[in-house]
Each structure stands twice: as structure tokens, then as C-alpha cells.
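J.: Sharing start-v6.cif (mmCIF, C-alpha atoms) below.
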```cif
data_my_file
loop_
_atom_site.label_atom_id
_atom_site.label_comp_id
_atom_site.auth_asym_id
_atom_site.auth_seq_id
_atom_site.Cartn_x
_atom_site.Cartn_y
_atom_site.Cartn_z
CA ALA E 25 76.09 35.06 13.42
CA ILE E 26 75.01 31.87 15.11
CA ARG E 27 75.42 29.07 12.58
CA ASP E 28 75.40 25.28 12.76
CA ARG E 29 77.94 22.94 11.19
CA ASN E 30 76.27 23.27 7.77
CA GLY E 31 76.43 27.06 7.87
CA SER E 32 72.68 27.50 8.44
CA PHE E 33 71.46 29.99 10.99
CA ILE E 34 70.24 28.71 14.36
CA PHE E 35 67.30 30.82 15.48
CA PRO E 36 67.39 32.00 19.11
CA MET E 37 63.59 31.68 19.28
CA SER E 38 60.95 29.86 17.37
CA PRO E 39 58.20 31.85 15.62
CA ILE E 40 55.57 30.55 18.08
CA GLN E 41 57.63 31.85 21.02
CA ILE E 42 57.84 35.30 19.43
CA LEU E 43 54.10 35.27 18.75
CA TYR E 44 53.40 34.24 22.36
CA LEU E 45 55.57 37.07 23.69
CA ASN E 46 53.93 39.65 21.42
CA LEU E 47 50.32 38.62 21.96
CA LEU E 48 49.94 36.91 25.31
CA THR E 49 52.69 38.46 27.42
CA SER E 50 52.68 42.07 26.19
CA SER E 51 48.96 42.64 25.58
CA PRO E 52 47.61 42.34 29.15
CA VAL E 53 50.32 44.68 30.43
CA ALA E 54 49.62 47.22 27.67
CA LEU E 55 45.87 47.10 28.33
CA ALA E 56 46.45 47.49 32.08
CA LEU E 57 48.65 50.53 31.50
CA GLY E 58 45.85 52.02 29.41
CA VAL E 59 43.30 51.89 32.23
CA GLU E 60 45.63 52.84 35.07
CA LEU E 61 44.83 56.02 36.98
CA GLY E 62 46.84 59.12 36.09
CA GLY E 63 49.02 60.89 38.61
CA LYS E 64 47.82 63.86 40.65
CA GLU E 65 50.14 66.18 38.73
CA MET E 66 48.61 65.15 35.40
CA MET E 67 46.15 68.05 35.15
CA ARG E 68 48.80 70.57 36.21
CA GLN E 69 50.95 69.93 33.14
CA TYR E 70 50.64 72.16 30.13
CA PRO E 71 49.66 70.66 26.77
CA ARG E 72 52.56 69.46 24.67
CA ASN E 73 53.42 70.87 21.27
CA HIS E 74 54.68 67.63 19.76
CA GLY E 75 53.02 64.55 18.35
CA VAL E 76 52.82 61.09 19.82
CA PHE E 77 56.12 59.88 18.36
CA HIS E 78 58.51 62.49 19.68
CA PHE E 79 62.27 62.11 20.02
CA GLU E 80 62.27 61.11 23.70
CA LEU E 81 59.75 58.29 23.16
CA VAL E 82 61.55 56.96 20.09
CA MET E 83 64.90 56.95 21.90
CA ASP E 84 63.41 55.26 24.99
CA THR E 85 61.84 52.59 22.81
CA PHE E 86 65.09 52.05 20.93
CA PHE E 87 67.13 51.90 24.14
CA TYR E 88 64.84 49.50 26.03
CA GLY E 89 64.37 47.31 22.96
CA THR E 90 68.10 47.09 22.40
CA VAL E 91 68.82 46.29 26.05
CA LEU E 92 66.13 43.59 26.21
CA GLY E 93 67.15 42.07 22.88
CA VAL E 94 70.87 42.02 23.57
CA THR E 95 70.50 40.59 27.08
CA ALA E 96 68.14 37.87 25.81
CA LEU E 97 70.65 36.95 23.10
CA VAL E 98 73.50 36.93 25.65
CA ASN E 99 71.45 34.59 27.88
CA TYR E 100 70.90 32.29 24.91
CA ILE E 101 74.57 32.22 23.91
CA LEU E 102 75.82 31.84 27.49
CA HIS E 103 73.52 28.88 28.07
CA VAL E 104 74.92 27.02 25.08
CA GLU E 105 78.57 28.03 25.31
CA VAL E 106 79.20 28.35 29.07
CA VAL E 107 76.52 26.42 30.96
CA ARG E 108 76.42 23.46 28.58
CA GLY E 109 79.99 23.81 27.30
CA ARG E 110 79.03 23.30 23.65
CA SER E 111 79.70 25.20 20.46
CA PHE E 112 77.01 26.13 17.95
CA THR E 113 78.94 24.23 15.26
CA ASP E 114 78.19 20.99 17.16
CA PHE E 115 74.57 21.09 16.00
CA GLU E 116 72.78 20.47 12.73
CA ASP E 117 69.26 21.38 11.54
CA CYS E 118 67.83 22.41 14.93
CA ASN E 119 65.31 24.88 13.46
CA THR E 120 63.00 22.37 11.80
CA LYS E 121 62.99 19.32 14.06
CA TYR E 122 63.74 18.19 17.57
CA SER E 123 66.40 15.60 18.29
CA ASP E 124 68.48 14.59 21.30
CA GLU E 125 71.42 16.39 19.69
CA CYS E 126 69.40 19.64 19.57
CA ALA E 127 68.15 19.47 23.17
CA VAL E 128 70.76 22.04 24.24
CA ILE E 129 69.49 24.52 21.63
CA PHE E 130 65.89 24.02 22.74
CA ASP E 131 66.91 24.50 26.38
CA ALA E 132 68.71 27.72 25.44
CA ARG E 133 65.59 28.90 23.61
CA ALA E 134 63.58 28.22 26.75
CA VAL E 135 66.05 30.27 28.82
CA GLY E 136 65.79 33.20 26.41
CA PHE E 137 62.00 32.91 26.31
CA TYR E 138 61.75 32.82 30.10
CA TYR E 139 64.01 35.85 30.43
CA LEU E 140 62.05 37.89 27.87
CA SER E 141 58.73 36.93 29.46
CA LEU E 142 59.84 38.26 32.84
CA ALA E 143 61.56 41.29 31.31
CA ILE E 144 58.41 42.30 29.42
CA LEU E 145 56.34 42.05 32.59
CA PHE E 146 58.88 44.08 34.54
CA HIS E 147 59.03 46.62 31.71
CA GLY E 148 55.36 47.36 32.40
CA PHE E 149 56.41 48.99 35.69
CA VAL E 150 59.00 51.08 33.84
CA CYS E 151 56.34 52.33 31.40
CA ARG E 152 54.10 53.72 34.16
CA HIS E 153 55.88 57.07 34.05
CA THR E 154 58.26 58.37 31.39
CA ARG E 155 60.61 60.32 33.65
CA ARG E 156 60.09 59.09 37.18
CA SER E 157 62.08 56.12 38.46
CA ILE E 158 60.21 52.94 39.27
CA PHE E 159 61.72 53.11 42.75
CA LYS E 160 60.28 56.58 43.41
CA ASN E 161 56.95 55.85 41.78
CA ARG E 162 54.61 54.93 44.63
CA MET E 163 52.24 52.18 43.71
CA THR E 164 49.04 51.34 45.55
CA TRP E 165 46.69 48.45 45.00
CA GLU E 166 43.82 50.82 44.23
CA GLY E 167 45.73 52.78 41.61
CA SER E 168 47.53 49.85 39.99
CA LYS E 169 45.26 46.85 40.45
CA TRP E 170 44.97 46.26 36.70
CA LEU E 171 48.74 46.35 36.16
CA LEU E 172 49.43 44.10 39.15
CA GLY E 173 46.71 41.73 37.96
CA ALA E 174 48.15 41.62 34.45
CA ILE E 175 51.55 40.67 35.81
#
```
Turn the structure described in the file into C-alpha cells.

T.:
Amino acid sequence: AIRDRNGSFIFPMSPIQILYLNLLTSSPVALALGVELGGKEMMRQYPRNHGVFHFELVMDTFFYGTVLGVTALVNYILHVEVVRGRSFTDFEDCNTKYSDECAVIFDARAVGFYYLSLAILFHGFVCRHTRRSIFKNRMTWEGSKWLLGAI
């Protein structure tokens, strides 16, 4: 766990950053994916016999969420420990107030926030098709104008 010199946790993100990511970064991408045109093969597929939350979707969500979360946390830790050469035990009470001592923590939060913002936008391209690679998934302006506009 990431703790300061008093043993209190140091949060990798502030609540307002998490709220911003959930509401303002994810929502336009999700809405754009909802109005995007379906593929030509869409009407050739047979109806599925499972519900919305099937095993493949749950595992994809778990995998992508874990990868995004772990890499954001690694970015945060690397910024403090490697880039700035500091230890988390050098800081005190950086969750409730800003001070010159806590500037490194706030910079690391900004790095993690920036990474997650870009990763969420890029993840919108991954969500266009469940099984087709983003590199094989042809995208045109006419078919994806809402997604490209949201990003």
C-alpha cells in the first residue's frame, strides 16, 4: 500500500479526478458507440441464446479494467519513485491540502489522470467490435463520425 510517513494512505487520484473520468471522459465515447453504424455482417448473424452479461463480456471488462488500472498505478508510482527520485514516506497529509512538499504527489496524480484520460478514449476504438482487432477494423469518417468527434 502507498502510505505517507504517518501511515496514512496516499490516494493515487482525487475524487474529482475520478468523477471527471467517469462522467466527462467516458460518457461521450459511450454515447458515440451507441449511435455508430453496425457492420455489414450484423444482419447475417444468428440471434444469441445468452443475456447481456455473458462470460466473454465479463472477462473482457475485467481484463481491460485490470490492465488500465494497473498501468495507471504503475505510472503514478514510477513518477514518484523513479522520475522524481522520492519515496512515499517523504510526504505527509497530501490528500487534504496542497503544499510545496506535496507537489510531487500532485504531479504524479496528474500523470495518472492524463494516462487514464487517453486510455479511456483509445479504449473506445477497442469497444467497436468484440472480436475484431482495431487494426483490422476499417473505419471511415461516415461510419464513425460520432466516435471520432467524441475523441

J.: What separation in Å, quoted to one decimal, exists between CA of Val106 in chain E and CA of Ser141 in chain E?

T.: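 Between CA of Val106 in chain E and CA of Ser141 in chain E the gap works out to 22.2 Å.
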
J.: Any idea what's packed within 12 Å of Phe33 in chain E, counting all atoms listed in the file, ignoring anything in its chain fewer than 2 positions away? Could you give it as JSON, numbers by chain?

T.: {"E": [25, 26, 27, 28, 29, 30, 31, 35, 36, 37, 112, 113, 115, 116, 117, 118, 119, 120]}

J.: Please, what distance in Å, to one decimal, runs between CA of Ile129 in chain E and CA of Gly109 in chain E?

T.: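 Between CA of Ile129 in chain E and CA of Gly109 in chain E the gap works out to 12.0 Å.
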
J.: Give me the residues within 9 Å of range 39-47 of chain E as an MDAnalysis selection string, counting only C-alpha atoms and dropping any in the same chain fewer than 5 places off.

T.: chainID E and resid 52 133 137 140:141 144

J.: Nearest to His103 in chain E: which of E:Lys121, E:Asp131, E:Tyr139, E:Val91 is it, counting all atoms listed in the file?

T.: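 Using all atoms listed in the file, His103 in chain E sits closest to E:Asp131.
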
J.: Tell me, as a PyMOL selection string, which residues lie within 12 Å of Arg108 in chain E, counting all atoms listed in the file; anything in the same chain fewer than 6 positions away does not count.

T.: chain E and resi 100-102+114+127-129+131-132

J.: With a distance cut-off of 8 Å and all atoms listed in the file, select the neighbouring residues of range 60-73 of chain E, excluding the residue or stretch itself and same-chain residues fewer than 4 positions from it, and output the selection as a PyMOL selection string.

T.: chain E and resi 56+167-168+170-171

J.: Please, what distance in Å, to one decimal, runs between CA of Leu142 in chain E and CA of Glu105 in chain E?

T.: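 Answer for the CA of Leu142 in chain E to CA of Glu105 in chain E separation: 22.6 Å.
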